[in-house]
file query37.txt (compact mmCIF, C-alpha atoms)
# COMPACT_ATOMS: atom_id res chain seq x y z
CA MET A 539 -20.51 1.08 -20.88
CA ALA A 540 -20.00 4.83 -20.72
CA VAL A 541 -18.26 4.38 -17.38
CA ASP A 542 -15.97 1.73 -18.86
CA PHE A 543 -15.17 4.01 -21.76
CA ALA A 544 -14.31 6.89 -19.45
CA GLY A 545 -12.41 4.67 -17.03
CA THR A 546 -10.23 2.99 -19.63
CA TYR A 547 -9.88 4.74 -22.96
CA LEU A 548 -10.07 8.37 -21.89
CA LEU A 549 -7.53 7.78 -19.15
CA LEU A 550 -5.27 6.00 -21.65
CA VAL A 551 -5.54 9.03 -23.91
CA LEU A 552 -4.56 11.15 -20.91
CA LEU A 553 -1.57 8.88 -20.18
CA SER A 554 -0.32 8.96 -23.77
CA SER A 555 -0.62 12.74 -23.89
CA LEU A 556 1.37 12.88 -20.67
CA LEU A 557 4.11 10.82 -22.30
CA VAL A 558 4.13 13.10 -25.36
CA ASN A 559 4.37 16.12 -23.04
CA PHE A 560 7.26 14.45 -21.22
CA VAL A 561 9.21 13.88 -24.41
CA LEU A 562 8.52 17.39 -25.71
CA SER A 563 9.61 19.04 -22.47
CA ILE A 564 12.84 16.98 -22.31
CA TYR A 565 13.49 17.98 -25.90
CA GLY A 566 12.86 21.62 -25.01
CA ILE A 567 15.19 21.54 -22.01
CA PHE A 568 18.09 20.06 -23.97
CA PHE A 569 17.74 21.38 -27.52
CA LYS A 570 16.09 24.80 -27.30
CA PRO A 571 18.94 27.31 -27.25
CA HIS A 572 17.13 30.10 -25.42
CA PHE A 573 17.19 30.24 -21.63
CA THR A 574 13.55 31.33 -21.25
CA LYS A 575 12.36 28.47 -23.43
CA LYS A 576 14.38 26.06 -21.31
CA VAL A 577 12.64 27.39 -18.20
CA ILE A 578 9.24 27.04 -19.86
CA ALA A 579 10.06 23.46 -20.85
CA LEU A 580 11.14 22.76 -17.27
CA THR A 581 7.78 23.97 -15.91
CA ILE A 582 5.99 21.81 -18.48
CA LEU A 583 8.09 18.84 -17.33
CA SER A 584 7.27 19.41 -13.67
CA ASP A 585 3.56 19.82 -14.39
CA THR A 586 3.61 16.64 -16.46
CA LEU A 587 5.22 14.67 -13.67
CA ASN A 588 2.77 16.12 -11.12
CA THR A 589 -0.19 15.08 -13.26
CA PHE A 590 1.39 11.67 -13.67
CA ALA A 591 1.70 11.29 -9.89
CA ILE A 592 -1.97 12.19 -9.40
CA TYR A 593 -2.89 9.78 -12.19
CA ILE A 594 -1.10 6.94 -10.39
CA GLY A 595 -3.14 7.64 -7.25
CA TYR A 596 -6.42 7.66 -9.12
CA ARG A 597 -9.05 5.01 -8.60
CA ARG A 598 -10.91 3.16 -11.32
CA TRP A 599 -14.47 4.28 -11.91
CA LEU A 600 -16.81 1.33 -11.54
CA GLU A 601 -20.58 1.27 -12.01
CA GLY A 602 -22.17 2.75 -8.93
CA VAL A 603 -18.85 3.41 -7.15
CA ASN A 604 -17.56 6.71 -8.38
CA PRO A 605 -14.24 7.95 -6.97
CA ARG A 606 -14.28 10.89 -4.57
CA PRO A 607 -11.73 13.37 -3.29
CA PRO A 608 -10.05 12.20 -0.07
CA VAL A 609 -12.07 14.56 2.11
CA LEU A 610 -14.45 13.12 4.68
CA THR A 611 -17.62 15.21 4.61
CA THR A 612 -19.87 13.13 6.88
CA THR A 613 -19.91 12.41 10.59
CA PRO A 614 -17.13 9.92 11.34
CA THR A 615 -19.00 6.73 12.13
CA TRP A 616 -17.57 3.35 11.11
CA GLU A 617 -20.14 3.01 8.30
CA SER A 618 -19.37 6.36 6.73
CA ILE A 619 -15.60 5.83 7.07
CA THR A 620 -15.83 2.40 5.41
CA GLU A 621 -17.88 3.88 2.59
CA PHE A 622 -15.34 6.71 2.33
CA SER A 623 -12.40 4.32 2.10
CA ARG A 624 -14.19 2.35 -0.61
CA ARG A 625 -14.55 5.43 -2.79
CA ALA A 626 -11.82 7.96 -2.05
CA VAL A 627 -8.72 8.20 -4.24
CA ASP A 628 -5.18 7.82 -2.91
CA PRO A 629 -4.28 10.98 -0.95
CA LEU A 630 -0.50 10.37 -0.85
CA PRO A 631 0.41 11.47 -4.43
CA GLN A 632 -1.75 14.56 -3.99
CA ALA A 633 0.13 15.45 -0.81
CA LEU A 634 3.46 15.08 -2.62
CA VAL A 635 2.26 17.13 -5.59
CA LEU A 636 0.91 19.88 -3.32
CA THR A 637 4.34 20.83 -2.01
CA ALA A 638 6.06 20.13 -5.33
CA VAL A 639 3.94 22.77 -7.08
CA VAL A 640 4.88 25.56 -4.68
CA ILE A 641 8.55 24.55 -4.62
CA GLY A 642 8.48 24.42 -8.43
CA LEU A 643 7.23 27.99 -8.43
CA ALA A 644 10.04 29.06 -6.09
CA VAL A 645 12.66 27.29 -8.21
CA THR A 646 11.24 28.92 -11.34
CA LEU A 647 11.59 32.31 -9.64
CA PHE A 648 15.22 31.45 -8.85
CA LEU A 649 15.81 30.54 -12.50
CA VAL A 650 14.25 33.83 -13.61
CA PHE A 651 16.65 35.73 -11.35
CA LEU A 652 19.47 33.63 -12.77
CA GLY A 653 18.38 34.54 -16.29
CA TYR A 654 18.40 38.20 -15.33
CA ILE A 655 21.99 37.93 -14.08
CA LEU A 656 22.98 36.00 -17.22
CA TYR A 657 21.53 38.70 -19.42
CA MET A 658 23.37 41.40 -17.48
CA HIS A 659 26.69 39.58 -17.83
CA TYR A 660 26.51 38.45 -21.42
CA GLY A 661 23.91 40.66 -23.04
CA THR A 662 22.14 37.62 -24.40
CA LEU A 663 20.18 34.61 -23.19
CA ASP A 664 21.12 32.43 -26.15
CA MET A 665 22.92 29.43 -24.68
CA ARG A 666 25.05 28.92 -27.81
CA GLU A 667 26.35 32.47 -27.53
CA ILE A 668 27.00 32.07 -23.81
CA ARG A 669 28.91 28.86 -24.43
CA ARG A 670 30.97 30.61 -27.10
CA LEU A 671 31.79 33.54 -24.80
CA LYS A 672 32.87 31.18 -21.98
CA GLY A 673 32.53 33.42 -18.96
CA MET B 670 25.06 12.36 -35.10
CA LYS B 671 27.13 13.85 -32.37
CA LEU B 672 27.91 11.90 -29.25
CA ALA B 673 25.98 14.30 -27.02
CA GLU B 674 22.83 13.99 -29.08
CA LEU B 675 23.15 10.22 -29.18
CA THR B 676 23.52 10.13 -25.40
CA LEU B 677 20.49 12.31 -25.03
CA LEU B 678 18.41 10.15 -27.33
CA VAL B 679 19.39 7.02 -25.40
CA THR B 680 18.57 8.80 -22.12
CA LEU B 681 15.16 9.79 -23.45
CA ILE B 682 14.33 6.27 -24.53
CA LEU B 683 15.59 4.78 -21.28
CA SER B 684 13.65 7.24 -19.12
CA LEU B 685 10.49 6.62 -21.11
CA ALA B 686 11.00 2.89 -20.63
CA LEU B 687 11.55 3.44 -16.90
CA MET B 688 8.40 5.53 -16.66
CA LEU B 689 6.40 2.86 -18.49
CA THR B 690 7.83 0.17 -16.21
CA PHE B 691 6.68 2.05 -13.15
CA ALA B 692 3.37 2.84 -14.82
CA TYR B 693 2.73 -0.71 -15.98
CA ASN B 694 0.42 -1.59 -13.09
CA TYR B 695 -1.34 1.73 -13.37
CA LEU B 696 -1.87 2.06 -17.11
CA ALA B 697 -5.54 2.06 -16.29
CA PRO B 698 -6.24 2.79 -12.61
CA THR B 699 -7.31 -0.17 -10.51
CA PRO B 700 -10.56 -0.20 -8.50
CA GLU B 701 -8.53 -0.68 -5.31
CA VAL B 702 -6.03 1.71 -3.78
CA ARG B 703 -2.91 0.56 -1.97
CA ASN B 704 -3.03 -0.52 1.66
CA LEU B 705 -1.06 2.53 2.74
CA ALA B 706 -3.74 4.76 1.22
CA LEU B 707 -6.42 2.71 2.99
CA PHE B 708 -4.62 3.30 6.29
CA TYR B 709 -4.55 7.04 5.66
CA LEU B 710 -8.20 7.14 4.59
CA ILE B 711 -9.47 5.11 7.54
CA THR B 712 -7.49 6.85 10.28
CA THR B 713 -7.52 10.46 9.11
CA TYR B 714 -10.64 11.41 11.06
CA ASN B 715 -11.77 8.51 13.17
CA PRO B 716 -12.52 9.19 16.85
CA GLN B 717 -12.99 5.44 17.36
CA LEU B 718 -9.21 5.01 16.94
CA PRO B 719 -7.91 7.70 19.32
CA TYR B 720 -4.22 6.76 19.08
CA TYR B 721 -4.09 6.67 15.28
CA THR B 722 -6.30 9.51 14.12
CA VAL B 723 -5.24 13.05 13.19
CA ASN B 724 -8.74 14.52 13.68
CA SER B 725 -8.58 16.08 10.25
CA PRO B 726 -11.28 15.21 7.68
CA GLU B 727 -8.90 16.23 4.89
CA ALA B 728 -6.51 13.34 4.31
CA VAL B 729 -4.08 15.34 2.16
CA THR B 730 -3.38 17.95 4.83
CA ALA B 731 -3.15 15.19 7.42
CA ILE B 732 -0.41 13.53 5.35
CA VAL B 733 1.36 16.79 4.59
CA TRP B 734 1.65 18.01 8.18
CA ASP B 735 1.23 14.92 10.35
CA TYR B 736 1.95 11.52 8.81
CA ARG B 737 4.79 12.87 6.67
CA GLY B 738 5.35 16.15 8.47
CA LEU B 739 9.14 15.95 8.45
CA ASP B 740 9.13 15.73 4.63
CA THR B 741 7.10 18.90 4.48
CA LEU B 742 9.43 20.64 6.91
CA PHE B 743 12.37 19.95 4.60
CA GLU B 744 10.32 20.93 1.57
CA THR B 745 9.69 24.24 3.31
CA ALA B 746 13.45 24.47 3.74
CA VAL B 747 13.90 23.92 -0.01
CA PHE B 748 11.35 26.66 -0.69
CA TYR B 749 13.18 28.95 1.72
CA LEU B 750 16.57 28.23 0.12
CA ALA B 751 15.30 28.73 -3.44
CA LEU B 752 13.84 32.13 -2.57
CA ILE B 753 16.95 33.15 -0.60
CA ALA B 754 19.15 32.11 -3.52
CA GLY B 755 17.06 34.16 -5.94
CA LEU B 756 17.15 37.22 -3.71
CA ALA B 757 20.89 36.83 -3.18
CA LEU B 758 21.38 36.85 -6.95
CA ALA B 759 19.38 40.08 -7.19
CA ARG B 760 20.87 41.77 -4.16
CA ARG B 761 22.87 44.45 -5.97
CA LEU B 762 20.35 45.05 -8.71
CA TYR B 763 17.82 47.12 -6.84
CA ARG B 764 17.63 49.89 -4.33
CA GLU B 765 14.44 50.33 -2.43
CA ASN B 766 13.50 53.94 -1.82
CA PRO B 767 9.74 54.52 -1.83
CA VAL B 768 8.83 57.43 -4.05
CA SER B 769 7.04 60.30 -2.33
CA PHE B 770 4.88 61.20 -5.30
CA LEU B 771 3.41 58.65 -7.69
CA SER B 772 1.85 59.81 -10.93
CA THR B 773 -1.70 58.56 -11.37
CA ASN B 774 -1.28 58.43 -15.13
CA GLY B 775 0.92 55.34 -15.15
CA GLY B 776 -0.19 51.76 -15.29
CA LEU B 777 -3.21 50.38 -17.04
CA SER B 778 -6.57 52.10 -17.60
CA ILE B 779 -8.89 53.35 -14.85
CA ILE B 780 -11.27 50.41 -15.42
CA VAL B 781 -8.57 47.85 -14.76
CA LYS B 782 -7.35 49.79 -11.74
CA THR B 783 -10.80 49.98 -10.18
CA VAL B 784 -11.45 46.30 -10.78
CA THR B 785 -8.07 45.48 -9.21
CA LYS B 786 -8.87 47.62 -6.17
CA ILE B 787 -12.15 45.75 -5.70
CA THR B 788 -10.89 42.24 -6.36
CA SER B 789 -7.53 42.20 -4.56
CA PRO B 790 -9.09 42.20 -1.04
CA MET B 791 -11.35 39.40 -2.27
CA ILE B 792 -8.34 37.43 -3.51
CA ILE B 793 -6.65 37.83 -0.13
CA ALA B 794 -9.85 36.77 1.67
CA VAL B 795 -10.21 33.67 -0.51
CA GLY B 796 -6.55 32.80 0.04
CA ALA B 797 -6.91 33.16 3.80
CA SER B 798 -10.03 30.98 3.72
CA ILE B 799 -8.21 28.30 1.71
CA GLY B 800 -5.29 28.39 4.11
CA LEU B 801 -7.15 28.48 7.41
CA HIS B 802 -9.71 25.82 6.40
CA GLY B 803 -6.95 23.56 5.10
CA HIS B 804 -7.72 20.83 7.64
CA LEU B 805 -11.42 20.75 6.69
CA THR B 806 -11.66 21.36 2.94
CA PRO B 807 -9.21 20.94 0.04
CA GLY B 808 -6.48 23.49 0.51
CA GLY B 809 -3.86 24.35 3.06
CA GLY B 810 -1.02 26.70 3.81
CA PHE B 811 0.82 26.29 0.51
CA GLN B 812 -2.22 26.87 -1.68
CA GLY B 813 -3.60 29.68 0.45
CA GLY B 814 -0.26 31.47 0.45
CA ALA B 815 0.14 31.10 -3.30
CA THR B 816 -3.39 32.46 -3.78
CA ILE B 817 -2.68 35.47 -1.56
CA ALA B 818 0.52 36.19 -3.49
CA VAL B 819 -1.60 36.64 -6.64
CA ALA B 820 -3.03 39.91 -5.26
CA PRO B 821 0.27 41.85 -5.06
CA MET B 822 1.28 40.47 -8.44
CA VAL B 823 -1.92 41.80 -10.03
CA ILE B 824 -1.35 45.15 -8.30
CA ILE B 825 2.24 45.29 -9.59
CA ILE B 826 1.07 44.67 -13.14
CA THR B 827 -1.92 47.02 -12.97
CA PHE B 828 -0.39 49.93 -11.09
CA SER B 829 3.36 49.72 -10.56
CA VAL B 830 5.75 48.17 -8.10
CA PHE B 831 6.19 51.62 -6.55
CA TYR B 832 2.46 51.68 -5.75
CA LEU B 833 3.07 48.68 -3.49
CA LEU B 834 5.98 50.48 -1.86
CA THR B 835 3.93 53.63 -1.19
CA ARG B 836 1.33 51.35 0.42
CA LYS B 837 4.06 50.26 2.86
CA VAL B 838 4.34 46.75 1.43
CA THR B 839 8.12 46.81 1.51
CA THR B 840 10.48 43.89 1.11
CA GLU B 841 11.74 44.32 4.68
CA LYS B 842 8.22 43.91 6.02
CA MET B 843 7.64 40.86 3.83
CA LEU B 844 10.93 39.40 5.06
CA LEU B 845 9.73 39.96 8.63
CA ILE B 846 6.37 38.24 8.02
CA ARG B 847 8.13 35.39 6.27
CA SER B 848 10.54 34.97 9.18
CA ILE B 849 7.59 34.98 11.60
CA GLY B 850 6.00 32.23 9.52
CA LEU B 851 9.15 30.11 9.42
CA ILE B 852 9.81 30.55 13.15
CA GLY B 853 6.17 29.66 13.82
CA ILE B 854 6.53 26.46 11.79
CA GLY B 855 9.60 25.55 13.82
CA LEU B 856 7.92 26.29 17.14
CA THR B 857 4.78 24.36 16.18
CA ALA B 858 6.93 21.38 15.23
CA ILE B 859 8.44 21.22 18.74
CA SER B 860 5.38 22.48 20.67
CA VAL B 861 4.19 19.07 21.85
CA PHE B 862 7.77 18.12 22.75
CA ILE B 863 8.01 21.24 24.94
CA ILE B 864 4.64 20.48 26.54
CA GLY B 865 5.92 16.98 27.28
CA LEU B 866 9.11 18.37 28.81
CA ALA B 867 7.11 20.74 31.00
CA ALA B 868 4.76 17.98 32.13
CA GLY B 869 7.57 15.45 32.57
CA ARG B 870 5.98 12.96 30.17
CA LEU B 871 7.24 11.31 27.01
CA ALA B 872 6.56 13.36 23.87
CA PHE B 873 8.10 13.57 20.43
CA VAL B 874 9.10 16.26 17.99
CA PHE B 875 6.43 16.62 15.30
CA GLN B 876 3.87 14.83 17.44
CA ASN B 877 0.32 16.00 16.96
CA MET B 878 -2.26 13.81 18.70
CA PRO B 879 -1.69 11.73 21.85
CA LYS B 880 -0.18 8.31 21.14
CA ALA B 881 -0.41 5.13 23.17
CA ASN B 882 3.04 5.54 24.80
CA ALA B 883 3.19 9.34 24.59
CA PRO B 884 0.00 10.76 26.08
CA MET B 885 0.68 14.43 25.36
CA GLY B 886 -0.81 16.27 22.40
CA LEU B 887 -2.67 19.31 21.21
CA PRO B 888 -6.48 19.22 21.31
CA GLY B 889 -8.27 18.15 18.16
CA GLN B 890 -11.27 20.34 18.85
CA VAL B 891 -11.76 23.67 20.56
CA ASN B 892 -15.34 24.32 21.66
CA GLY B 893 -16.54 21.64 19.26
CA VAL B 894 -14.73 23.23 16.29
CA LEU B 895 -12.09 21.07 14.65
CA ILE B 896 -8.60 22.56 14.61
CA SER B 897 -6.80 19.21 14.27
CA GLY B 898 -4.10 19.98 16.81
CA THR B 899 -0.98 21.36 15.15
CA LEU B 900 -2.38 21.31 11.61
CA TRP B 901 -4.19 24.63 11.95
CA PHE B 902 -1.07 26.38 13.23
CA PHE B 903 1.12 24.81 10.55
CA ASN B 904 -1.30 25.98 7.86
CA LEU B 905 -1.44 29.50 9.30
CA PHE B 906 2.34 29.92 9.49
CA GLU B 907 3.00 28.24 6.16
CA MET B 908 0.45 30.56 4.56
CA LEU B 909 2.24 33.61 6.01
CA ALA B 910 5.64 32.35 4.88
CA VAL B 911 4.58 31.44 1.33
CA ALA B 912 2.53 34.60 0.74
CA ALA B 913 5.19 36.97 2.07
CA GLY B 914 8.01 35.10 0.33
CA PHE B 915 6.39 35.26 -3.09
CA THR B 916 5.34 38.89 -2.62
CA MET B 917 8.92 39.78 -1.78
CA ALA B 918 10.29 37.85 -4.74
CA PHE B 919 7.85 39.46 -7.20
CA ALA B 920 8.61 42.95 -5.85
CA VAL B 921 12.38 42.41 -6.10
CA LEU B 922 12.00 40.97 -9.60
CA MET B 923 10.12 44.06 -10.70
CA LEU B 924 12.47 46.45 -8.89
CA ALA B 925 15.60 44.88 -10.34
CA GLY B 926 17.43 47.20 -12.68
CA LYS B 927 15.10 50.14 -12.18
CA GLU B 928 17.27 52.20 -9.82
CA ARG B 929 20.83 51.19 -10.44
call {"tool": "encode", "arguments": {"input": "query37.txt", "output": "structure tokens"}}
result
Amino acid sequence: MAVDFAGTYLLLVLLSSLLVNFVLSIYGIFFKPHFTKKVIALTILSDTLNTFAIYIGYRRWLEGVNPRPPVLTTTPTWESITEFSRRAVDPLPQALVLTAVVIGLAVTLFLVFLGYILYMHYGTLDMREIRRLKG
Amino acid sequence: MKLAELTLLVTLILSLALMLTFAYNYLAPTPEVRNLALFYLITTYNPQLPYYTVNSPEAVTAIVWDYRGLDTLFETAVFYLALIAGLALARRLYRENPVSFLSTNGGLSIIVKTVTKITSPMIIAVGASIGLHGHLTPGGGFQGGATIAVAPMVIIITFSVFYLLTRKVTTEKMLLIRSIGLIGIGLTAISVFIIGLAAGRLAFVFQNMPKANAPMGLPGQVNGVLISGTLWFFNLFEMLAVAAGFTMAFAVLMLAGKER
């Protein structure tokens, strides 16, 4: 019963909060006028999508069969590998997220440099002002 | 309502609907994973299947650098380009001349400085452990490099960016280490191909373990210790590239505008 509760309702709460995060970050990217807040919203968006990818690769928690990380910790006999493949979660979304996190950090650094240049040129990071000044 | 806002609202609703469509089968996770995941899980470290296995107990690293290694190579290229673009934007904003004398009064308090001096070698050691054990335990080159890059960032905040420069952690040196890492990744990617050329046998770029029609490959174990062929080298070089790249970017970000 507790396992069912955790496996269904808590994960649904997680999914709905991910959707709320998604909407909020899209709103922040498009409607917040300040450049820094746009960058923050973009990082929230990328983290939301990364969590969503891991969530898709997750495995349902049944009684007696709890999911494990995809790391084989025993000697690789056929029995242990079969047991491992019955329990481990999907490793593919985790592999995609792994690189996406580091690249997201690099892109965020690029955007911070871009913000620095913007501030030097215009003296402001307010996007409405920058649009008004037009280069 | 303006047209732009209306378009945005429609886009939001449509993307949410798209996300829900994709998520429909996964609203609550199923007890079974997909067949592709089963293939990865069964063959990642399975000496009984010598032509399919990667000899790496960690399935995520096996996917990142072997099954889908070419993806990761191009993701490294994206990482490289993003950092280069950032540095190119900042190229005229800083001048790097290490100061000869650094006042000890600057920065945060003596307690924070002492704690930073003690913990930053530990941070680097933990990062190196994460990176070099990436084929055995959760971790790998990307995570280890990002962990190592925390240490110079903490030092920059606690002391000053000039403290790093007086310790000979200059951006030129970081660029050199990063280039070594990227060249190492490239060489590791074609290492088995070169071995195959030298031996006159069929071998492929980005090959790791021997395959049925291409019998060349790097050893999975050295003296009974798993190194998983190319995975260990990929993790090592990726760790160098990521750590040095982020250190350089943080230093340039802090130097920008100080000495114009």
call {"tool": "interface_residues", "arguments": {"input": "query37.txt", "of": "chain B", "to": "chain A", "cutoff": "7 Å", "atoms": "only C-alpha atoms", "output": "ChimeraX atom specification"}}
result
/B:695-702,706-707,710-711,714-715,726-729,732-733,744,748,751-752,754-755,758-759,806,811
call {"tool": "atom_distance", "arguments": {"input": "query37.txt", "atom1": "atom CA of A:Pro571", "atom2": "atom CA of A:Arg666"}}
result
6.3 Å
call {"tool": "residues_around", "arguments": {"input": "query37.txt", "residues": "stretch 847-849 of chain B", "least_positions_apart": "2", "cutoff": "9 Å", "atoms": "all atoms listed in the file", "output": "PDB file with C-alpha atoms, in the coordinates of the input"}}
result
ATOM      1  CA  LYS B 842       8.220  43.910   6.020  1.00  0.00           C
ATOM      2  CA  MET B 843       7.640  40.860   3.830  1.00  0.00           C
ATOM      3  CA  LEU B 844      10.930  39.400   5.060  1.00  0.00           C
ATOM      4  CA  LEU B 845       9.730  39.960   8.630  1.00  0.00           C
ATOM      5  CA  LEU B 851       9.150  30.110   9.420  1.00  0.00           C
ATOM      6  CA  ILE B 852       9.810  30.550  13.150  1.00  0.00           C
ATOM      7  CA  GLY B 853       6.170  29.660  13.820  1.00  0.00           C
ATOM      8  CA  ILE B 854       6.530  26.460  11.790  1.00  0.00           C
ATOM      9  CA  PHE B 906       2.340  29.920   9.490  1.00  0.00           C
ATOM     10  CA  GLU B 907       3.000  28.240   6.160  1.00  0.00           C
ATOM     11  CA  LEU B 909       2.240  33.610   6.010  1.00  0.00           C
ATOM     12  CA  ALA B 910       5.640  32.350   4.880  1.00  0.00           C
ATOM     13  CA  VAL B 911       4.580  31.440   1.330  1.00  0.00           C
ATOM     14  CA  ALA B 912       2.530  34.600   0.740  1.00  0.00           C
ATOM     15  CA  ALA B 913       5.190  36.970   2.070  1.00  0.00           C
ATOM     16  CA  GLY B 914       8.010  35.100   0.330  1.00  0.00           C
TER      17      GLY B 914
END
call {"tool": "residues_around", "arguments": {"input": "query37.txt", "residues": "stretch 781-783 of chain B", "least_positions_apart": "5", "cutoff": "12 Å", "atoms": "only C-alpha atoms", "output": "ChimeraX atom specification"}}
result
/B:773-776,788-789,823-829,832
call {"tool": "atom_distance", "arguments": {"input": "query37.txt", "atom1": "atom CA of B:Gly886", "atom2": "atom CA of B:Arg737"}}
result
17.0 Å
call {"tool": "atom_distance", "arguments": {"input": "query37.txt", "atom1": "atom CA of B:Ile753", "atom2": "atom CA of B:Glu841"}}
result
13.4 Å
call {"tool": "residues_around", "arguments": {"input": "query37.txt", "residues": "B:Leu801", "least_positions_apart": "6", "cutoff": "9 Å", "atoms": "all atoms listed in the file", "output": "MDAnalysis selection string"}}
result
chainID B and resid 808:810 813 901:902 904:905 908
call {"tool": "closest_residue", "arguments": {"input": "query37.txt", "among": "B:Thr676, B:Thr722, B:Thr899, B:Thr816", "to": "B:Lys880", "atoms": "only C-alpha atoms"}}
result
B:Thr722
call {"tool": "closest_residue", "arguments": {"input": "query37.txt", "among": "A:Gly661, A:Ala544, A:Glu601, A:Asn559", "to": "A:Thr581", "atoms": "all atoms listed in the file"}}
result
A:Asn559
call {"tool": "closest_residue", "arguments": {"input": "query37.txt", "among": "A:Ile582, A:Ile567, A:Glu617, A:Phe573", "to": "A:Ile668", "atoms": "all atoms listed in the file"}}
result
A:Phe573
call {"tool": "closest_residue", "arguments": {"input": "query37.txt", "among": "A:Gly602, A:Leu562, A:Ile592, A:Leu656", "to": "A:Leu580", "atoms": "all atoms listed in the file"}}
result
A:Leu562
call {"tool": "decode", "arguments": {"input": "query37.txt", "residues": "stretch 545-605 of chain A", "atoms": "C-alpha atoms", "output": "PDB file, in the first residue's frame"}}
result
ATOM      1  CA  GLY A 545       4.849   4.726  -6.890  1.00  0.00           C
ATOM      2  CA  THR A 546       1.718   6.445  -8.143  1.00  0.00           C
ATOM      3  CA  TYR A 547       0.595   9.529  -6.278  1.00  0.00           C
ATOM      4  CA  LEU A 548       3.932  10.978  -5.205  1.00  0.00           C
ATOM      5  CA  LEU A 549       5.318  10.595  -8.707  1.00  0.00           C
ATOM      6  CA  LEU A 550       2.183  12.250 -10.105  1.00  0.00           C
ATOM      7  CA  VAL A 551       2.753  15.141  -7.725  1.00  0.00           C
ATOM      8  CA  LEU A 552       6.317  15.299  -9.046  1.00  0.00           C
ATOM      9  CA  LEU A 553       5.075  15.300 -12.650  1.00  0.00           C
ATOM     10  CA  SER A 554       2.536  18.067 -12.042  1.00  0.00           C
ATOM     11  CA  SER A 555       5.147  20.195 -10.294  1.00  0.00           C
ATOM     12  CA  LEU A 556       7.417  19.664 -13.286  1.00  0.00           C
ATOM     13  CA  LEU A 557       4.671  20.945 -15.574  1.00  0.00           C
ATOM     14  CA  VAL A 558       4.134  24.002 -13.355  1.00  0.00           C
ATOM     15  CA  ASN A 559       7.892  24.643 -13.418  1.00  0.00           C
ATOM     16  CA  PHE A 560       7.846  24.334 -17.205  1.00  0.00           C
ATOM     17  CA  VAL A 561       5.093  26.910 -17.592  1.00  0.00           C
ATOM     18  CA  LEU A 562       6.704  29.303 -15.109  1.00  0.00           C
ATOM     19  CA  SER A 563      10.097  29.117 -16.792  1.00  0.00           C
ATOM     20  CA  ILE A 564       8.595  29.700 -20.267  1.00  0.00           C
ATOM     21  CA  TYR A 565       6.745  32.666 -18.822  1.00  0.00           C
ATOM     22  CA  GLY A 566       9.982  33.960 -17.314  1.00  0.00           C
ATOM     23  CA  ILE A 567      11.916  33.610 -20.557  1.00  0.00           C
ATOM     24  CA  PHE A 568       9.342  35.517 -22.603  1.00  0.00           C
ATOM     25  CA  PHE A 569       7.799  38.058 -20.243  1.00  0.00           C
ATOM     26  CA  LYS A 570      10.452  39.001 -17.691  1.00  0.00           C
ATOM     27  CA  PRO A 571      12.130  42.122 -19.052  1.00  0.00           C
ATOM     28  CA  HIS A 572      15.480  41.703 -17.330  1.00  0.00           C
ATOM     29  CA  PHE A 573      18.247  39.723 -19.011  1.00  0.00           C
ATOM     30  CA  THR A 574      19.465  38.025 -15.807  1.00  0.00           C
ATOM     31  CA  LYS A 575      15.963  36.850 -14.979  1.00  0.00           C
ATOM     32  CA  LYS A 576      15.655  35.422 -18.475  1.00  0.00           C
ATOM     33  CA  VAL A 577      18.871  33.472 -17.934  1.00  0.00           C
ATOM     34  CA  ILE A 578      17.625  32.197 -14.577  1.00  0.00           C
ATOM     35  CA  ALA A 579      14.347  31.107 -16.186  1.00  0.00           C
ATOM     36  CA  LEU A 580      16.320  29.337 -18.914  1.00  0.00           C
ATOM     37  CA  THR A 581      18.301  27.336 -16.333  1.00  0.00           C
ATOM     38  CA  ILE A 582      15.052  26.430 -14.571  1.00  0.00           C
ATOM     39  CA  LEU A 583      13.653  25.266 -17.914  1.00  0.00           C
ATOM     40  CA  SER A 584      16.677  23.089 -18.663  1.00  0.00           C
ATOM     41  CA  ASP A 585      16.642  21.568 -15.179  1.00  0.00           C
ATOM     42  CA  THR A 586      12.928  20.855 -15.521  1.00  0.00           C
ATOM     43  CA  LEU A 587      13.423  19.088 -18.826  1.00  0.00           C
ATOM     44  CA  ASN A 588      16.362  17.101 -17.408  1.00  0.00           C
ATOM     45  CA  THR A 589      14.274  15.943 -14.468  1.00  0.00           C
ATOM     46  CA  PHE A 590      11.484  15.072 -16.869  1.00  0.00           C
ATOM     47  CA  ALA A 591      13.856  12.932 -18.943  1.00  0.00           C
ATOM     48  CA  ILE A 592      15.022  11.050 -15.848  1.00  0.00           C
ATOM     49  CA  TYR A 593      11.403  10.628 -14.782  1.00  0.00           C
ATOM     50  CA  ILE A 594      10.571   8.998 -18.125  1.00  0.00           C
ATOM     51  CA  GLY A 595      13.374   6.479 -17.595  1.00  0.00           C
ATOM     52  CA  TYR A 596      12.239   5.606 -14.102  1.00  0.00           C
ATOM     53  CA  ARG A 597      10.859   2.213 -13.221  1.00  0.00           C
ATOM     54  CA  ARG A 598       7.723   1.544 -11.217  1.00  0.00           C
ATOM     55  CA  TRP A 599       8.278   0.453  -7.642  1.00  0.00           C
ATOM     56  CA  LEU A 600       6.566  -2.874  -7.039  1.00  0.00           C
ATOM     57  CA  GLU A 601       6.379  -4.850  -3.808  1.00  0.00           C
ATOM     58  CA  GLY A 602       9.680  -6.612  -3.319  1.00  0.00           C
ATOM     59  CA  VAL A 603      11.230  -5.270  -6.539  1.00  0.00           C
ATOM     60  CA  ASN A 604      12.639  -1.874  -5.776  1.00  0.00           C
ATOM     61  CA  PRO A 605      14.353   0.014  -8.609  1.00  0.00           C
TER      62      PRO A 605
END
